[in-house]
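Only one structure is covered here, and it is reproduced in the block below.
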Amino acid sequence: MKHVLLLNLHQKYEGAQGNLTRDILKEAKSFFLSHGYEVKETTIDEGYDVAEELEKFQWADLFFVQSPVYWMGLPWLGKKYIDEIFTAGTSTVTYASDGRSRTDPSKTYGSGGLMNEKRYMLSFTYNCPTSEFNNPKGFFDGMSVDEANVALHKTFQFCGVKAYPSFSVHDVYKSEFDLNGVLTDLQNHLKKTIQ
């Protein structure tokens with residue numbers, strides 16, 4: 001059986017209780033269960049135990065990471081979670097070293113990961129419109145969603161995990177926001193992407 005860890009990196013604040021993140025993760029969970037996956041979940045805003053999280057990371061074949069974007073990055077609690085879990089997994093779950101070797105110059109920085117058989121998918125919710133990405137005149141200076149989130153991609157890459165194409169939702173505060181359309185888009189993205 002395949003194993004997926006669903007990570008809810010939402011951090012609550014006044015006016016943002018995480019309903020959209022919960023809806024996206026509920027839809028993802030439905031997809032994975034219907035495709036033969038065993039599912040484990042973590043909601044960081046409810047607290048977590050580092051040792052238990054490392055067991056989940058070792059167990060999972062796939063990490064589905066859902067996060068709102070706060071000030072162009074992860075919520076601070078999400079960054080704290082990543083820092084704590086990935087660091088605590090040194091030499092056991094996440095990475096053995098930075099990859100370099102004094103005796104073998106072919107071993108390069110970032111090649112010491114221990115999760116080489118695993119995959120991940122990032123899912124982001126943004127207030128900004130889609131038009132701000134892949135647009136040289138847009139706020140992100142022509143960057144894609146993935147380029148704007150390179151630090152999180154590189155963290156997984158450092159540990160040997162390979163990426164599936166990301167999913168993103170935009171204009172989440174727009175009055176005509178279509179939740180059903182978003183959930184349909186997610187199902188279609190997962191069907192197209194996950195083998």
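Identifiers in the structure tokens: chain A, B, ... in order shown; residue index from 1 per chain; ligand index from 1 in order shown.
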Near-Glu46 of chain A list (12 Å; only C-alpha atoms; drop same-chain fewer than 4 positions) as a ChimeraX atom specification:
/A:7-12,18,41-42,77-78,81
Skip Ala96 of chain A itself and residues of its chain fewer than 5 positions away, then list as a short mmCIF file (atom, residue, chain, number, x, y, z; two decimals) with C-alpha atoms, in the first residue's frame all residues within 6 Å of it, counting only C-alpha atoms.
data_model
loop_
_atom_site.label_atom_id
_atom_site.label_comp_id
_atom_site.auth_asym_id
_atom_site.auth_seq_id
_atom_site.Cartn_x
_atom_site.Cartn_y
_atom_site.Cartn_z
CA THR A 90 19.72 14.34 10.41
CA SER A 91 21.55 11.01 9.85
CA GLY A 112 23.33 13.72 0.92
#
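Here atom CA of Ser144 of chain A stands at a distance of 24.2 Å from atom CA of Glu176 of chain A.
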Please return, as a PDB file with N, CA and C atoms, in the first residue's frame, all residues of chain A that DSSP assigns to alpha helix (DSSP H) on the basis of the backbone.
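result.pdb written:
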ATOM      1  N   ASN A  19     -10.040  27.629   6.843  1.00  0.00           N
ATOM      2  CA  ASN A  19     -11.108  26.836   6.225  1.00  0.00           C
ATOM      3  C   ASN A  19     -10.738  26.354   4.828  1.00  0.00           C
ATOM      4  N   LEU A  20     -10.136  27.213   4.020  1.00  0.00           N
ATOM      5  CA  LEU A  20      -9.767  26.815   2.660  1.00  0.00           C
ATOM      6  C   LEU A  20      -8.706  25.711   2.689  1.00  0.00           C
ATOM      7  N   THR A  21      -7.726  25.866   3.553  1.00  0.00           N
ATOM      8  CA  THR A  21      -6.705  24.822   3.687  1.00  0.00           C
ATOM      9  C   THR A  21      -7.338  23.499   4.086  1.00  0.00           C
ATOM     10  N   ARG A  22      -8.258  23.532   5.038  1.00  0.00           N
ATOM     11  CA  ARG A  22      -8.945  22.298   5.457  1.00  0.00           C
ATOM     12  C   ARG A  22      -9.737  21.687   4.297  1.00  0.00           C
ATOM     13  N   ASP A  23     -10.424  22.535   3.521  1.00  0.00           N
ATOM     14  CA  ASP A  23     -11.202  22.025   2.382  1.00  0.00           C
ATOM     15  C   ASP A  23     -10.293  21.376   1.337  1.00  0.00           C
ATOM     16  N   ILE A  24      -9.164  22.004   1.057  1.00  0.00           N
ATOM     17  CA  ILE A  24      -8.218  21.448   0.079  1.00  0.00           C
ATOM     18  C   ILE A  24      -7.677  20.111   0.574  1.00  0.00           C
ATOM     19  N   LEU A  25      -7.309  20.044   1.838  1.00  0.00           N
ATOM     20  CA  LEU A  25      -6.773  18.796   2.378  1.00  0.00           C
ATOM     21  C   LEU A  25      -7.827  17.703   2.460  1.00  0.00           C
ATOM     22  N   LYS A  26      -9.066  18.066   2.742  1.00  0.00           N
ATOM     23  CA  LYS A  26     -10.151  17.080   2.748  1.00  0.00           C
ATOM     24  C   LYS A  26     -10.332  16.489   1.352  1.00  0.00           C
ATOM     25  N   GLU A  27     -10.267  17.354   0.336  1.00  0.00           N
ATOM     26  CA  GLU A  27     -10.401  16.887  -1.051  1.00  0.00           C
ATOM     27  C   GLU A  27      -9.213  16.006  -1.445  1.00  0.00           C
ATOM     28  N   ALA A  28      -8.008  16.420  -1.039  1.00  0.00           N
ATOM     29  CA  ALA A  28      -6.815  15.617  -1.332  1.00  0.00           C
ATOM     30  C   ALA A  28      -6.917  14.255  -0.642  1.00  0.00           C
ATOM     31  N   LYS A  29      -7.355  14.257   0.604  1.00  0.00           N
ATOM     32  CA  LYS A  29      -7.495  13.000   1.340  1.00  0.00           C
ATOM     33  C   LYS A  29      -8.467  12.068   0.632  1.00  0.00           C
ATOM     34  N   SER A  30      -9.587  12.602   0.174  1.00  0.00           N
ATOM     35  CA  SER A  30     -10.571  11.807  -0.563  1.00  0.00           C
ATOM     36  C   SER A  30      -9.934  11.180  -1.805  1.00  0.00           C
ATOM     37  N   PHE A  31      -9.158  11.977  -2.533  1.00  0.00           N
ATOM     38  CA  PHE A  31      -8.481  11.465  -3.732  1.00  0.00           C
ATOM     39  C   PHE A  31      -7.539  10.322  -3.368  1.00  0.00           C
ATOM     40  N   PHE A  32      -6.683  10.548  -2.376  1.00  0.00           N
ATOM     41  CA  PHE A  32      -5.673   9.538  -2.048  1.00  0.00           C
ATOM     42  C   PHE A  32      -6.312   8.256  -1.516  1.00  0.00           C
ATOM     43  N   LEU A  33      -7.329   8.374  -0.689  1.00  0.00           N
ATOM     44  CA  LEU A  33      -8.003   7.181  -0.184  1.00  0.00           C
ATOM     45  C   LEU A  33      -8.632   6.385  -1.326  1.00  0.00           C
ATOM     46  N   SER A  34      -9.219   7.101  -2.286  1.00  0.00           N
ATOM     47  CA  SER A  34      -9.871   6.409  -3.405  1.00  0.00           C
ATOM     48  C   SER A  34      -8.861   5.817  -4.395  1.00  0.00           C
ATOM     49  N   VAL A  50       7.915  16.046  17.605  1.00  0.00           N
ATOM     50  CA  VAL A  50       8.960  15.891  16.584  1.00  0.00           C
ATOM     51  C   VAL A  50       9.229  14.425  16.276  1.00  0.00           C
ATOM     52  N   ALA A  51       9.339  13.591  17.295  1.00  0.00           N
ATOM     53  CA  ALA A  51       9.622  12.167  17.064  1.00  0.00           C
ATOM     54  C   ALA A  51       8.499  11.502  16.265  1.00  0.00           C
ATOM     55  N   GLU A  52       7.252  11.835  16.584  1.00  0.00           N
ATOM     56  CA  GLU A  52       6.122  11.273  15.835  1.00  0.00           C
ATOM     57  C   GLU A  52       6.135  11.754  14.392  1.00  0.00           C
ATOM     58  N   GLU A  53       6.491  13.013  14.175  1.00  0.00           N
ATOM     59  CA  GLU A  53       6.550  13.539  12.808  1.00  0.00           C
ATOM     60  C   GLU A  53       7.642  12.832  12.004  1.00  0.00           C
ATOM     61  N   LEU A  54       8.778  12.573  12.636  1.00  0.00           N
ATOM     62  CA  LEU A  54       9.846  11.861  11.926  1.00  0.00           C
ATOM     63  C   LEU A  54       9.402  10.454  11.544  1.00  0.00           C
ATOM     64  N   GLU A  55       8.621   9.808  12.403  1.00  0.00           N
ATOM     65  CA  GLU A  55       8.079   8.490  12.047  1.00  0.00           C
ATOM     66  C   GLU A  55       7.169   8.605  10.827  1.00  0.00           C
ATOM     67  N   LYS A  56       6.373   9.666  10.779  1.00  0.00           N
ATOM     68  CA  LYS A  56       5.497   9.879   9.621  1.00  0.00           C
ATOM     69  C   LYS A  56       6.315  10.123   8.355  1.00  0.00           C
ATOM     70  N   PHE A  57       7.370  10.915   8.470  1.00  0.00           N
ATOM     71  CA  PHE A  57       8.207  11.194   7.295  1.00  0.00           C
ATOM     72  C   PHE A  57       8.901   9.930   6.811  1.00  0.00           C
ATOM     73  N   GLN A  58       9.297   9.068   7.734  1.00  0.00           N
ATOM     74  CA  GLN A  58       9.920   7.810   7.333  1.00  0.00           C
ATOM     75  C   GLN A  58       8.894   6.887   6.677  1.00  0.00           C
ATOM     76  N   TRP A  59       7.678   6.880   7.196  1.00  0.00           N
ATOM     77  CA  TRP A  59       6.604   6.012   6.718  1.00  0.00           C
ATOM     78  C   TRP A  59       6.093   6.417   5.332  1.00  0.00           C
ATOM     79  N   TRP A  76       5.170  31.500   9.806  1.00  0.00           N
ATOM     80  CA  TRP A  76       6.369  31.225  10.619  1.00  0.00           C
ATOM     81  C   TRP A  76       6.280  29.881  11.312  1.00  0.00           C
ATOM     82  N   LEU A  77       5.086  29.443  11.703  1.00  0.00           N
ATOM     83  CA  LEU A  77       4.952  28.144  12.343  1.00  0.00           C
ATOM     84  C   LEU A  77       5.262  27.020  11.353  1.00  0.00           C
ATOM     85  N   GLY A  78       4.930  27.228  10.085  1.00  0.00           N
ATOM     86  CA  GLY A  78       5.273  26.257   9.052  1.00  0.00           C
ATOM     87  C   GLY A  78       6.776  26.157   8.856  1.00  0.00           C
ATOM     88  N   LYS A  79       7.451  27.294   8.838  1.00  0.00           N
ATOM     89  CA  LYS A  79       8.909  27.304   8.706  1.00  0.00           C
ATOM     90  C   LYS A  79       9.550  26.662   9.932  1.00  0.00           C
ATOM     91  N   LYS A  80       9.018  26.952  11.112  1.00  0.00           N
ATOM     92  CA  LYS A  80       9.530  26.349  12.350  1.00  0.00           C
ATOM     93  C   LYS A  80       9.395  24.827  12.288  1.00  0.00           C
ATOM     94  N   TYR A  81       8.235  24.353  11.832  1.00  0.00           N
ATOM     95  CA  TYR A  81       8.000  22.910  11.703  1.00  0.00           C
ATOM     96  C   TYR A  81       9.038  22.280  10.779  1.00  0.00           C
ATOM     97  N   ILE A  82       9.216  22.853   9.600  1.00  0.00           N
ATOM     98  CA  ILE A  82      10.184  22.321   8.641  1.00  0.00           C
ATOM     99  C   ILE A  82      11.577  22.303   9.258  1.00  0.00           C
ATOM    100  N   ASP A  83      11.975  23.408   9.874  1.00  0.00           N
ATOM    101  CA  ASP A  83      13.306  23.484  10.486  1.00  0.00           C
ATOM    102  C   ASP A  83      13.481  22.401  11.551  1.00  0.00           C
ATOM    103  N   GLU A  84      12.492  22.250  12.422  1.00  0.00           N
ATOM    104  CA  GLU A  84      12.614  21.280  13.511  1.00  0.00           C
ATOM    105  C   GLU A  84      12.635  19.835  13.006  1.00  0.00           C
ATOM    106  N   ILE A  85      11.725  19.509  12.116  1.00  0.00           N
ATOM    107  CA  ILE A  85      11.612  18.116  11.673  1.00  0.00           C
ATOM    108  C   ILE A  85      12.802  17.722  10.808  1.00  0.00           C
ATOM    109  N   PHE A  86      13.140  18.546   9.841  1.00  0.00           N
ATOM    110  CA  PHE A  86      14.218  18.179   8.925  1.00  0.00           C
ATOM    111  C   PHE A  86      15.563  18.148   9.646  1.00  0.00           C
ATOM    112  N   THR A  87      15.764  19.038  10.620  1.00  0.00           N
ATOM    113  CA  THR A  87      17.014  19.030  11.387  1.00  0.00           C
ATOM    114  C   THR A  87      17.069  17.823  12.324  1.00  0.00           C
ATOM    115  N   ALA A  88      15.965  17.517  12.983  1.00  0.00           N
ATOM    116  CA  ALA A  88      15.938  16.379  13.903  1.00  0.00           C
ATOM    117  C   ALA A  88      16.154  15.053  13.170  1.00  0.00           C
ATOM    118  N   VAL A 145       5.164  30.322  -9.765  1.00  0.00           N
ATOM    119  CA  VAL A 145       4.858  30.002  -8.365  1.00  0.00           C
ATOM    120  C   VAL A 145       5.997  29.183  -7.761  1.00  0.00           C
ATOM    121  N   ASP A 146       6.520  28.227  -8.518  1.00  0.00           N
ATOM    122  CA  ASP A 146       7.612  27.399  -7.995  1.00  0.00           C
ATOM    123  C   ASP A 146       8.878  28.214  -7.766  1.00  0.00           C
ATOM    124  N   GLU A 147       9.191  29.106  -8.665  1.00  0.00           N
ATOM    125  CA  GLU A 147      10.377  29.953  -8.475  1.00  0.00           C
ATOM    126  C   GLU A 147      10.212  30.857  -7.262  1.00  0.00           C
ATOM    127  N   ALA A 148       9.005  31.336  -7.018  1.00  0.00           N
ATOM    128  CA  ALA A 148       8.757  32.199  -5.863  1.00  0.00           C
ATOM    129  C   ALA A 148       8.836  31.424  -4.542  1.00  0.00           C
ATOM    130  N   VAL A 150      11.129  28.820  -4.040  1.00  0.00           N
ATOM    131  CA  VAL A 150      12.316  27.995  -4.256  1.00  0.00           C
ATOM    132  C   VAL A 150      12.897  27.449  -2.956  1.00  0.00           C
ATOM    133  N   ALA A 151      12.809  28.189  -1.854  1.00  0.00           N
ATOM    134  CA  ALA A 151      13.418  27.723  -0.603  1.00  0.00           C
ATOM    135  C   ALA A 151      12.803  26.399  -0.144  1.00  0.00           C
ATOM    136  N   LEU A 152      11.480  26.279  -0.226  1.00  0.00           N
ATOM    137  CA  LEU A 152      10.831  25.035   0.194  1.00  0.00           C
ATOM    138  C   LEU A 152      11.163  23.898  -0.766  1.00  0.00           C
ATOM    139  N   HIS A 153      11.191  24.193  -2.061  1.00  0.00           N
ATOM    140  CA  HIS A 153      11.595  23.174  -3.036  1.00  0.00           C
ATOM    141  C   HIS A 153      13.015  22.690  -2.751  1.00  0.00           C
ATOM    142  N   LYS A 154      13.917  23.614  -2.485  1.00  0.00           N
ATOM    143  CA  LYS A 154      15.312  23.250  -2.249  1.00  0.00           C
ATOM    144  C   LYS A 154      15.479  22.460  -0.955  1.00  0.00           C
ATOM    145  N   THR A 155      14.639  22.726   0.038  1.00  0.00           N
ATOM    146  CA  THR A 155      14.683  21.959   1.283  1.00  0.00           C
ATOM    147  C   THR A 155      14.383  20.494   1.011  1.00  0.00           C
ATOM    148  N   PHE A 156      13.310  20.239   0.254  1.00  0.00           N
ATOM    149  CA  PHE A 156      12.982  18.855  -0.095  1.00  0.00           C
ATOM    150  C   PHE A 156      14.070  18.248  -0.978  1.00  0.00           C
ATOM    151  N   GLN A 157      14.572  19.012  -1.944  1.00  0.00           N
ATOM    152  CA  GLN A 157      15.618  18.510  -2.839  1.00  0.00           C
ATOM    153  C   GLN A 157      16.873  18.134  -2.043  1.00  0.00           C
ATOM    154  N   PHE A 158      17.224  18.943  -1.051  1.00  0.00           N
ATOM    155  CA  PHE A 158      18.394  18.683  -0.220  1.00  0.00           C
ATOM    156  C   PHE A 158      18.291  17.319   0.460  1.00  0.00           C
ATOM    157  N   LEU A 179     -15.179  27.961  -4.620  1.00  0.00           N
ATOM    158  CA  LEU A 179     -14.574  26.834  -3.912  1.00  0.00           C
ATOM    159  C   LEU A 179     -14.772  25.530  -4.671  1.00  0.00           C
ATOM    160  N   ASN A 180     -15.958  25.298  -5.190  1.00  0.00           N
ATOM    161  CA  ASN A 180     -16.199  24.051  -5.927  1.00  0.00           C
ATOM    162  C   ASN A 180     -15.287  23.939  -7.138  1.00  0.00           C
ATOM    163  N   GLY A 181     -15.071  25.056  -7.813  1.00  0.00           N
ATOM    164  CA  GLY A 181     -14.161  25.061  -8.956  1.00  0.00           C
ATOM    165  C   GLY A 181     -12.733  24.735  -8.532  1.00  0.00           C
ATOM    166  N   VAL A 182     -12.304  25.275  -7.394  1.00  0.00           N
ATOM    167  CA  VAL A 182     -10.960  25.001  -6.868  1.00  0.00           C
ATOM    168  C   VAL A 182     -10.800  23.517  -6.560  1.00  0.00           C
ATOM    169  N   LEU A 183     -11.795  22.929  -5.909  1.00  0.00           N
ATOM    170  CA  LEU A 183     -11.702  21.521  -5.534  1.00  0.00           C
ATOM    171  C   LEU A 183     -11.722  20.618  -6.766  1.00  0.00           C
ATOM    172  N   THR A 184     -12.485  21.011  -7.779  1.00  0.00           N
ATOM    173  CA  THR A 184     -12.467  20.269  -9.049  1.00  0.00           C
ATOM    174  C   THR A 184     -11.103  20.378  -9.707  1.00  0.00           C
ATOM    175  N   ASP A 185     -10.537  21.584  -9.705  1.00  0.00           N
ATOM    176  CA  ASP A 185      -9.184  21.778 -10.271  1.00  0.00           C
ATOM    177  C   ASP A 185      -8.164  20.916  -9.539  1.00  0.00           C
ATOM    178  N   LEU A 186      -8.278  20.834  -8.219  1.00  0.00           N
ATOM    179  CA  LEU A 186      -7.347  20.006  -7.450  1.00  0.00           C
ATOM    180  C   LEU A 186      -7.484  18.541  -7.836  1.00  0.00           C
ATOM    181  N   GLN A 187      -8.729  18.047  -7.923  1.00  0.00           N
ATOM    182  CA  GLN A 187      -8.936  16.651  -8.324  1.00  0.00           C
ATOM    183  C   GLN A 187      -8.311  16.388  -9.696  1.00  0.00           C
ATOM    184  N   ASN A 188      -8.531  17.298 -10.623  1.00  0.00           N
ATOM    185  CA  ASN A 188      -7.975  17.137 -11.974  1.00  0.00           C
ATOM    186  C   ASN A 188      -6.448  17.161 -11.943  1.00  0.00           C
ATOM    187  N   HIS A 189      -5.879  18.053 -11.133  1.00  0.00           N
ATOM    188  CA  HIS A 189      -4.426  18.149 -11.017  1.00  0.00           C
ATOM    189  C   HIS A 189      -3.859  16.846 -10.449  1.00  0.00           C
ATOM    190  N   LEU A 190      -4.489  16.311  -9.413  1.00  0.00           N
ATOM    191  CA  LEU A 190      -4.017  15.070  -8.811  1.00  0.00           C
ATOM    192  C   LEU A 190      -4.163  13.903  -9.778  1.00  0.00           C
ATOM    193  N   LYS A 191      -5.265  13.829 -10.484  1.00  0.00           N
ATOM    194  CA  LYS A 191      -5.476  12.734 -11.461  1.00  0.00           C
ATOM    195  C   LYS A 191      -4.422  12.766 -12.547  1.00  0.00           C
ATOM    196  N   LYS A 192      -4.089  13.969 -12.999  1.00  0.00           N
ATOM    197  CA  LYS A 192      -3.120  14.138 -14.079  1.00  0.00           C
ATOM    198  C   LYS A 192      -1.694  13.865 -13.606  1.00  0.00           C
ATOM    199  N   THR A 193      -1.426  14.112 -12.327  1.00  0.00           N
ATOM    200  CA  THR A 193      -0.046  14.130 -11.834  1.00  0.00           C
ATOM    201  C   THR A 193       0.386  12.876 -11.125  1.00  0.00           C
TER     202      THR A 193
END
Who sits within 10 Å of Met121 of chain A, only C-alpha atoms, same chain under 4 positions skipped, as number ranges by chain
A: 6, 62-66, 153, 162-167, 190, 193-194
What gap, in Å, lies between atom CA of Lys107 of chain A and atom CA of Tyr120 of chain A?
23.8 Å
As a VMD selection string, please: every residue in chain A that DSSP puts in strand (DSSP E).
chain A and resid 2 to 8 37 to 43 62 to 68 119 to 125 162 to 163 167 to 169
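Between Phe124 of chain A and the candidates A:Tyr109, A:Tyr70, A:Phe177, A:Phe139, the tightest atom-to-atom separation, counting only C-alpha atoms, involves A:Tyr70.
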